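Chemist: Supplied in structure tokens, the structure appears directly below.
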Amino acid sequence: SQQGEEDPQALSIQEGENATMNCSYKTSINNLQWYRQNSGRGLVHLILIRSNEREKHSGRLRVTLDTSKKSSSLLITASRAADTASYFCATGNTGGFKTIFGAGTRLFVKA
Amino acid sequence: DVKVTQSSRYLVKRTGEKVFLECVQDMDHENMFWYRQDPGLGLRLIYFSYDVKMKEKGDIPEGYSVSREKKERFSLILESASTNQTSMYLCASSLWGRLGGVETQYFGPGTRLLVL
């Protein structure tokens, strides 16, 4: 089974609303990252949170990490149609080269 | 800005053909990766390279090989393409993180390969 599993698999909201996506993982991690992928394109790195951090902000993005529950959430505030994309969480380990990606959440923001 | 380019956006090949996918990055990154992406399966690592001529197998290396003769270029080779290798192939590059692991990866636009 995959290390990172996003929830929900798909989300449809109106422009201006907030979107929350969750990620759960199974093993100890050094960091957790969120990426965005527009349809048929490569992934774009959004934010990285380390295992000793609990919350991080970047513009309209807010990421939380709860290592005791092995979970993270990505909040996009005041969503825009341009936020329509798939969002992936990915986990990394100290000294390791493998970053394990989840299957993603598809977000659709209606104008 | 980091730029990672891939040689083709779309590729159609026949079963049994040898296929080369090329990736070039312009930021002097040590690490380069090849992933394949299939619906519902996320990204799966095929191969990783941490230096010229160095490589490590990922989770699904069977049926693939790689070549890294120059730091900026990482090639994925399908020796004899099969229909189950129809997929989206993504290349990425990164530096080592400050704690020694891989952190932020920069991705190319992807190559959508169809094997008939």
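By convention here, the chains of the structure tokens are called A, B, ... in the order presented, each chain's residues are numbered starting at 1, and ligands are numbered starting at 1 in the order presented.
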Please, which residues of chain A lie no more than 9 Å from chain B when the count uses only C-alpha atoms, and can they be set out as a ChimeraX atom specification?

Modeler: /A:2,30-33,40-45,47-48,88,91-104

Chemist: Can I get the selection written as a PDB file, in the first residue's frame, with N, CA and C atoms?

Modeler:
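File written: part_32.pdb
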ATOM      1  N   GLN A   2       0.306   2.362  -0.387  1.00  0.00           N
ATOM      2  CA  GLN A   2       1.097   3.570  -0.544  1.00  0.00           C
ATOM      3  C   GLN A   2       1.357   4.225   0.799  1.00  0.00           C
ATOM      4  N   ASN A  30      10.906  12.298   7.637  1.00  0.00           N
ATOM      5  CA  ASN A  30      11.742  13.457   7.909  1.00  0.00           C
ATOM      6  C   ASN A  30      11.037  14.727   7.463  1.00  0.00           C
ATOM      7  N   ASN A  31      10.303  14.623   6.368  1.00  0.00           N
ATOM      8  CA  ASN A  31       9.587  15.776   5.854  1.00  0.00           C
ATOM      9  C   ASN A  31       8.379  15.308   5.065  1.00  0.00           C
ATOM     10  N   LEU A  32       7.450  16.217   4.870  1.00  0.00           N
ATOM     11  CA  LEU A  32       6.282  15.937   4.051  1.00  0.00           C
ATOM     12  C   LEU A  32       6.103  17.116   3.114  1.00  0.00           C
ATOM     13  N   GLN A  33       5.838  16.802   1.858  1.00  0.00           N
ATOM     14  CA  GLN A  33       5.727  17.849   0.844  1.00  0.00           C
ATOM     15  C   GLN A  33       4.371  17.760   0.157  1.00  0.00           C
ATOM     16  N   GLY A  40      -2.307  16.837 -17.141  1.00  0.00           N
ATOM     17  CA  GLY A  40      -1.355  16.428 -18.164  1.00  0.00           C
ATOM     18  C   GLY A  40       0.009  17.080 -18.092  1.00  0.00           C
ATOM     19  N   ARG A  41       0.326  17.702 -16.979  1.00  0.00           N
ATOM     20  CA  ARG A  41       1.614  18.391 -16.847  1.00  0.00           C
ATOM     21  C   ARG A  41       2.446  17.772 -15.736  1.00  0.00           C
ATOM     22  N   GLY A  42       3.644  18.308 -15.542  1.00  0.00           N
ATOM     23  CA  GLY A  42       4.497  17.856 -14.452  1.00  0.00           C
ATOM     24  C   GLY A  42       4.035  18.403 -13.119  1.00  0.00           C
ATOM     25  N   LEU A  43       4.651  17.925 -12.051  1.00  0.00           N
ATOM     26  CA  LEU A  43       4.295  18.372 -10.706  1.00  0.00           C
ATOM     27  C   LEU A  43       5.063  19.634 -10.346  1.00  0.00           C
ATOM     28  N   VAL A  44       4.413  20.471  -9.557  1.00  0.00           N
ATOM     29  CA  VAL A  44       5.042  21.697  -9.068  1.00  0.00           C
ATOM     30  C   VAL A  44       5.065  21.644  -7.553  1.00  0.00           C
ATOM     31  N   HIS A  45       6.234  21.856  -6.972  1.00  0.00           N
ATOM     32  CA  HIS A  45       6.374  21.826  -5.523  1.00  0.00           C
ATOM     33  C   HIS A  45       5.675  23.030  -4.901  1.00  0.00           C
ATOM     34  N   ILE A  47       5.005  23.233  -1.039  1.00  0.00           N
ATOM     35  CA  ILE A  47       5.442  23.532   0.313  1.00  0.00           C
ATOM     36  C   ILE A  47       6.039  22.275   0.938  1.00  0.00           C
ATOM     37  N   LEU A  48       7.022  22.449   1.791  1.00  0.00           N
ATOM     38  CA  LEU A  48       7.646  21.351   2.527  1.00  0.00           C
ATOM     39  C   LEU A  48       7.546  21.651   4.010  1.00  0.00           C
ATOM     40  N   PHE A  88      -0.864  16.365  -4.531  1.00  0.00           N
ATOM     41  CA  PHE A  88      -0.226  15.149  -4.022  1.00  0.00           C
ATOM     42  C   PHE A  88       0.569  15.465  -2.767  1.00  0.00           C
ATOM     43  N   THR A  91       6.205  11.951   1.022  1.00  0.00           N
ATOM     44  CA  THR A  91       6.974  11.859   2.257  1.00  0.00           C
ATOM     45  C   THR A  91       8.409  11.471   1.962  1.00  0.00           C
ATOM     46  N   GLY A  92       9.313  12.056   2.743  1.00  0.00           N
ATOM     47  CA  GLY A  92      10.741  11.782   2.584  1.00  0.00           C
ATOM     48  C   GLY A  92      11.353  11.390   3.911  1.00  0.00           C
ATOM     49  N   ASN A  93      12.453  10.663   3.822  1.00  0.00           N
ATOM     50  CA  ASN A  93      13.155  10.201   5.021  1.00  0.00           C
ATOM     51  C   ASN A  93      14.586  10.726   5.055  1.00  0.00           C
ATOM     52  N   THR A  94      15.112  10.882   6.259  1.00  0.00           N
ATOM     53  CA  THR A  94      16.484  11.371   6.428  1.00  0.00           C
ATOM     54  C   THR A  94      17.469  10.455   5.715  1.00  0.00           C
ATOM     55  N   GLY A  95      18.294  11.037   4.863  1.00  0.00           N
ATOM     56  CA  GLY A  95      19.330  10.263   4.197  1.00  0.00           C
ATOM     57  C   GLY A  95      18.833   9.412   3.053  1.00  0.00           C
ATOM     58  N   GLY A  96      17.517   9.366   2.851  1.00  0.00           N
ATOM     59  CA  GLY A  96      16.989   8.493   1.809  1.00  0.00           C
ATOM     60  C   GLY A  96      16.761   9.225   0.508  1.00  0.00           C
ATOM     61  N   PHE A  97      16.675   8.473  -0.592  1.00  0.00           N
ATOM     62  CA  PHE A  97      16.405   9.119  -1.866  1.00  0.00           C
ATOM     63  C   PHE A  97      14.979   8.908  -2.329  1.00  0.00           C
ATOM     64  N   LYS A  98      14.262   8.051  -1.632  1.00  0.00           N
ATOM     65  CA  LYS A  98      12.895   7.784  -2.087  1.00  0.00           C
ATOM     66  C   LYS A  98      11.924   8.772  -1.470  1.00  0.00           C
ATOM     67  N   THR A  99      11.181   9.412  -2.330  1.00  0.00           N
ATOM     68  CA  THR A  99      10.044  10.231  -1.906  1.00  0.00           C
ATOM     69  C   THR A  99       8.803   9.472  -2.333  1.00  0.00           C
ATOM     70  N   ILE A 100       7.932   9.201  -1.398  1.00  0.00           N
ATOM     71  CA  ILE A 100       6.779   8.361  -1.704  1.00  0.00           C
ATOM     72  C   ILE A 100       5.565   9.248  -1.875  1.00  0.00           C
ATOM     73  N   PHE A 101       4.968   9.151  -3.048  1.00  0.00           N
ATOM     74  CA  PHE A 101       3.827   9.979  -3.412  1.00  0.00           C
ATOM     75  C   PHE A 101       2.522   9.217  -3.228  1.00  0.00           C
ATOM     76  N   GLY A 102       1.510   9.942  -2.801  1.00  0.00           N
ATOM     77  CA  GLY A 102       0.169   9.384  -2.756  1.00  0.00           C
ATOM     78  C   GLY A 102      -0.494   9.458  -4.118  1.00  0.00           C
ATOM     79  N   ALA A 103      -1.728   8.981  -4.181  1.00  0.00           N
ATOM     80  CA  ALA A 103      -2.466   8.944  -5.452  1.00  0.00           C
ATOM     81  C   ALA A 103      -3.108  10.279  -5.790  1.00  0.00           C
ATOM     82  N   GLY A 104      -3.158  11.205  -4.840  1.00  0.00           N
ATOM     83  CA  GLY A 104      -3.608  12.556  -5.139  1.00  0.00           C
ATOM     84  C   GLY A 104      -5.067  12.828  -4.863  1.00  0.00           C
TER      85      GLY A 104
END

Chemist: May I have the residues within 12 Å of A:Ser28 as a list of chain:residue names, using only C-alpha atoms and disregarding those fewer than 5 positions away in the same chain?

Modeler: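 In the requested form, the answer reads A:Gln3, A:Gly4, A:Arg50, A:Ser51, A:Asn52, A:Asp66, A:Thr67, A:Ser68, A:Lys69, A:Lys70, A:Ser71, A:Thr91, A:Gly92, A:Asn93, A:Thr94.
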
Chemist: Identify all residues of chain A in strand (DSSP E) (DSSP on the backbone) and supply them as an MDAnalysis selection string.

Modeler: chainID A and resid 5:7 10:14 19:24 31:37 43:50 55:58 61:66 71:76 85:92 99:101 105:110

Chemist: Do you know which residues are at most 8 Å from A:Asp83 counting only C-alpha atoms, after dropping those on the same chain fewer than 6 positions away, and could you put them as a short mmCIF file (atom, residue, chain, number, x, y, z; two decimals) with C-alpha atoms, in the first residue's frame?

Modeler:
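Output contents, as saved in out-v9.cif:
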data_model
loop_
_atom_site.label_atom_id
_atom_site.label_comp_id
_atom_site.auth_asym_id
_atom_site.auth_seq_id
_atom_site.Cartn_x
_atom_site.Cartn_y
_atom_site.Cartn_z
CA LEU A 107 -9.69 19.58 -6.85
CA PHE A 108 -12.21 21.30 -9.10
CA VAL A 109 -12.97 24.95 -8.39
#

Chemist: I'd like the interatomic distance between atom CA of B:Ser87 and atom CA of B:Val52, to a tenth of an Å.

Modeler: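 Going from atom CA of B:Ser87 over to atom CA of B:Val52 covers 26.4 Å.
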
Chemist: Report the distance between atom CA of B:Glu62 and atom CA of B:Thr86 in Å, rounded to one decimal place.

Modeler: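 Atom CA of B:Glu62 sits 14.1 Å away from atom CA of B:Thr86.
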
Chemist: Work out how far atom CA of A:Val63 is from atom CA of A:Met21, in Å to one decimal.

Modeler: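 Those two atoms sit 9.6 Å apart.
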
Chemist: Contacts of B:Ser65 at 10 Å or less, counting only C-alpha atoms, minus same-chain residues fewer than 2 places along, as a list in words?

Modeler: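 Listed by chain and then number, they are Phe20, Ile46, Tyr47, Lys55, Lys57, Pro61, Glu62, Gly63, Ser67, Ser75, Leu76, Ile77, Leu78 and Glu79 of chain B.
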
Chemist: Given the selection you just returned, output its residues as a file containing C-alpha atoms, formatted as a PDB file, in the first residue's frame.

Modeler:
ATOM      1  CA  PHE B  20      14.687   6.546 -25.377  1.00  0.00           C
ATOM      2  CA  ILE B  46      11.681   3.690 -11.688  1.00  0.00           C
ATOM      3  CA  TYR B  47      15.293   4.776 -11.229  1.00  0.00           C
ATOM      4  CA  LYS B  55      22.143   4.801 -10.371  1.00  0.00           C
ATOM      5  CA  LYS B  57      16.784   1.006  -8.690  1.00  0.00           C
ATOM      6  CA  PRO B  61      12.866  -0.975 -12.534  1.00  0.00           C
ATOM      7  CA  GLU B  62      11.915  -4.086 -14.493  1.00  0.00           C
ATOM      8  CA  GLY B  63      11.881  -3.494 -18.227  1.00  0.00           C
ATOM      9  CA  SER B  67      22.018   6.262 -18.457  1.00  0.00           C
ATOM     10  CA  SER B  75      17.971   9.047 -20.003  1.00  0.00           C
ATOM     11  CA  LEU B  76      15.363   6.342 -19.536  1.00  0.00           C
ATOM     12  CA  ILE B  77      15.533   3.403 -21.922  1.00  0.00           C
ATOM     13  CA  LEU B  78      12.831   0.875 -22.626  1.00  0.00           C
ATOM     14  CA  GLU B  79      14.810  -1.956 -24.189  1.00  0.00           C
TER      15      GLU B  79
END

Chemist: Could you give me, as a ChimeraX atom specification, the residues within 9 Å of B:Lys53, counting only C-alpha atoms and dropping anything in the same chain fewer than 6 positions from it?

Modeler: /B:67-71

Chemist: Mind dumping the selected residues with N, CA, C and O atoms as a PDB file, in the first residue's frame?

Modeler:
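out.pdb, written as the output of this step:
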ATOM      1  N   SER B  67      20.652   5.847 -18.138  1.00  0.00           N
ATOM      2  CA  SER B  67      22.018   6.262 -18.457  1.00  0.00           C
ATOM      3  C   SER B  67      22.218   7.689 -17.983  1.00  0.00           C
ATOM      4  O   SER B  67      21.377   8.554 -18.251  1.00  0.00           O
ATOM      5  N   ARG B  68      23.321   7.925 -17.289  1.00  0.00           N
ATOM      6  CA  ARG B  68      23.653   9.291 -16.900  1.00  0.00           C
ATOM      7  C   ARG B  68      25.143   9.504 -17.175  1.00  0.00           C
ATOM      8  O   ARG B  68      25.986   9.245 -16.332  1.00  0.00           O
ATOM      9  N   GLU B  69      25.430   9.980 -18.359  1.00  0.00           N
ATOM     10  CA  GLU B  69      26.796  10.225 -18.798  1.00  0.00           C
ATOM     11  C   GLU B  69      27.252  11.637 -18.474  1.00  0.00           C
ATOM     12  O   GLU B  69      28.445  11.907 -18.356  1.00  0.00           O
ATOM     13  N   LYS B  70      26.297  12.558 -18.358  1.00  0.00           N
ATOM     14  CA  LYS B  70      26.590  13.937 -17.978  1.00  0.00           C
ATOM     15  C   LYS B  70      25.661  14.322 -16.837  1.00  0.00           C
ATOM     16  O   LYS B  70      24.545  13.808 -16.736  1.00  0.00           O
ATOM     17  N   LYS B  71      26.125  15.243 -16.008  1.00  0.00           N
ATOM     18  CA  LYS B  71      25.362  15.598 -14.805  1.00  0.00           C
ATOM     19  C   LYS B  71      23.974  16.123 -15.142  1.00  0.00           C
ATOM     20  O   LYS B  71      23.015  15.867 -14.425  1.00  0.00           O
TER      21      LYS B  71
END

Chemist: Using only C-alpha atoms for the distances, tell me which of A:Ser12, A:Ile29, A:Asn38, A:Ser24 is nearest to A:Ser86.

Modeler: A:Asn38

Chemist: Skip B:Asn84 itself and residues of its chain fewer than 6 positions away, then list as an mmCIF file with all heavy atoms, in the first residue's frame all residues within 10 Å of it, counting only C-alpha atoms.

Modeler:
data_model
loop_
_atom_site.group_PDB
_atom_site.id
_atom_site.type_symbol
_atom_site.label_atom_id
_atom_site.label_comp_id
_atom_site.auth_asym_id
_atom_site.auth_seq_id
_atom_site.Cartn_x
_atom_site.Cartn_y
_atom_site.Cartn_z
ATOM 1 N N THR B 15 5.162 -2.195 -30.027
ATOM 2 C CA THR B 15 5.674 -3.258 -29.154
ATOM 3 C C THR B 15 6.991 -3.784 -29.704
ATOM 4 O O THR B 15 7.110 -4.041 -30.913
ATOM 5 C CB THR B 15 4.652 -4.401 -29.079
ATOM 6 O OG1 THR B 15 3.417 -3.891 -28.578
ATOM 7 C CG2 THR B 15 5.143 -5.496 -28.137
ATOM 8 N N LEU B 114 2.612 6.036 -25.554
ATOM 9 C CA LEU B 114 1.621 5.030 -25.942
ATOM 10 C C LEU B 114 2.355 3.934 -26.698
ATOM 11 O O LEU B 114 3.034 4.215 -27.697
ATOM 12 C CB LEU B 114 0.537 5.644 -26.816
ATOM 13 C CG LEU B 114 -0.489 4.691 -27.446
ATOM 14 C CD1 LEU B 114 -1.273 3.956 -26.372
ATOM 15 C CD2 LEU B 114 -1.430 5.441 -28.381
ATOM 16 N N VAL B 115 2.248 2.703 -26.217
ATOM 17 C CA VAL B 115 2.870 1.566 -26.897
ATOM 18 C C VAL B 115 1.762 0.718 -27.513
ATOM 19 O O VAL B 115 0.883 0.219 -26.802
ATOM 20 C CB VAL B 115 3.718 0.714 -25.929
ATOM 21 C CG1 VAL B 115 4.386 -0.428 -26.691
ATOM 22 C CG2 VAL B 115 4.763 1.576 -25.230
ATOM 23 N N LEU B 116 1.825 0.591 -28.824
ATOM 24 C CA LEU B 116 0.771 -0.150 -29.538
ATOM 25 C C LEU B 116 1.187 -1.590 -29.815
ATOM 26 O O LEU B 116 2.374 -1.873 -30.002
ATOM 27 C CB LEU B 116 0.451 0.560 -30.860
ATOM 28 C CG LEU B 116 -0.056 2.006 -30.715
ATOM 29 C CD1 LEU B 116 -0.167 2.658 -32.090
ATOM 30 C CD2 LEU B 116 -1.405 2.016 -30.014
#
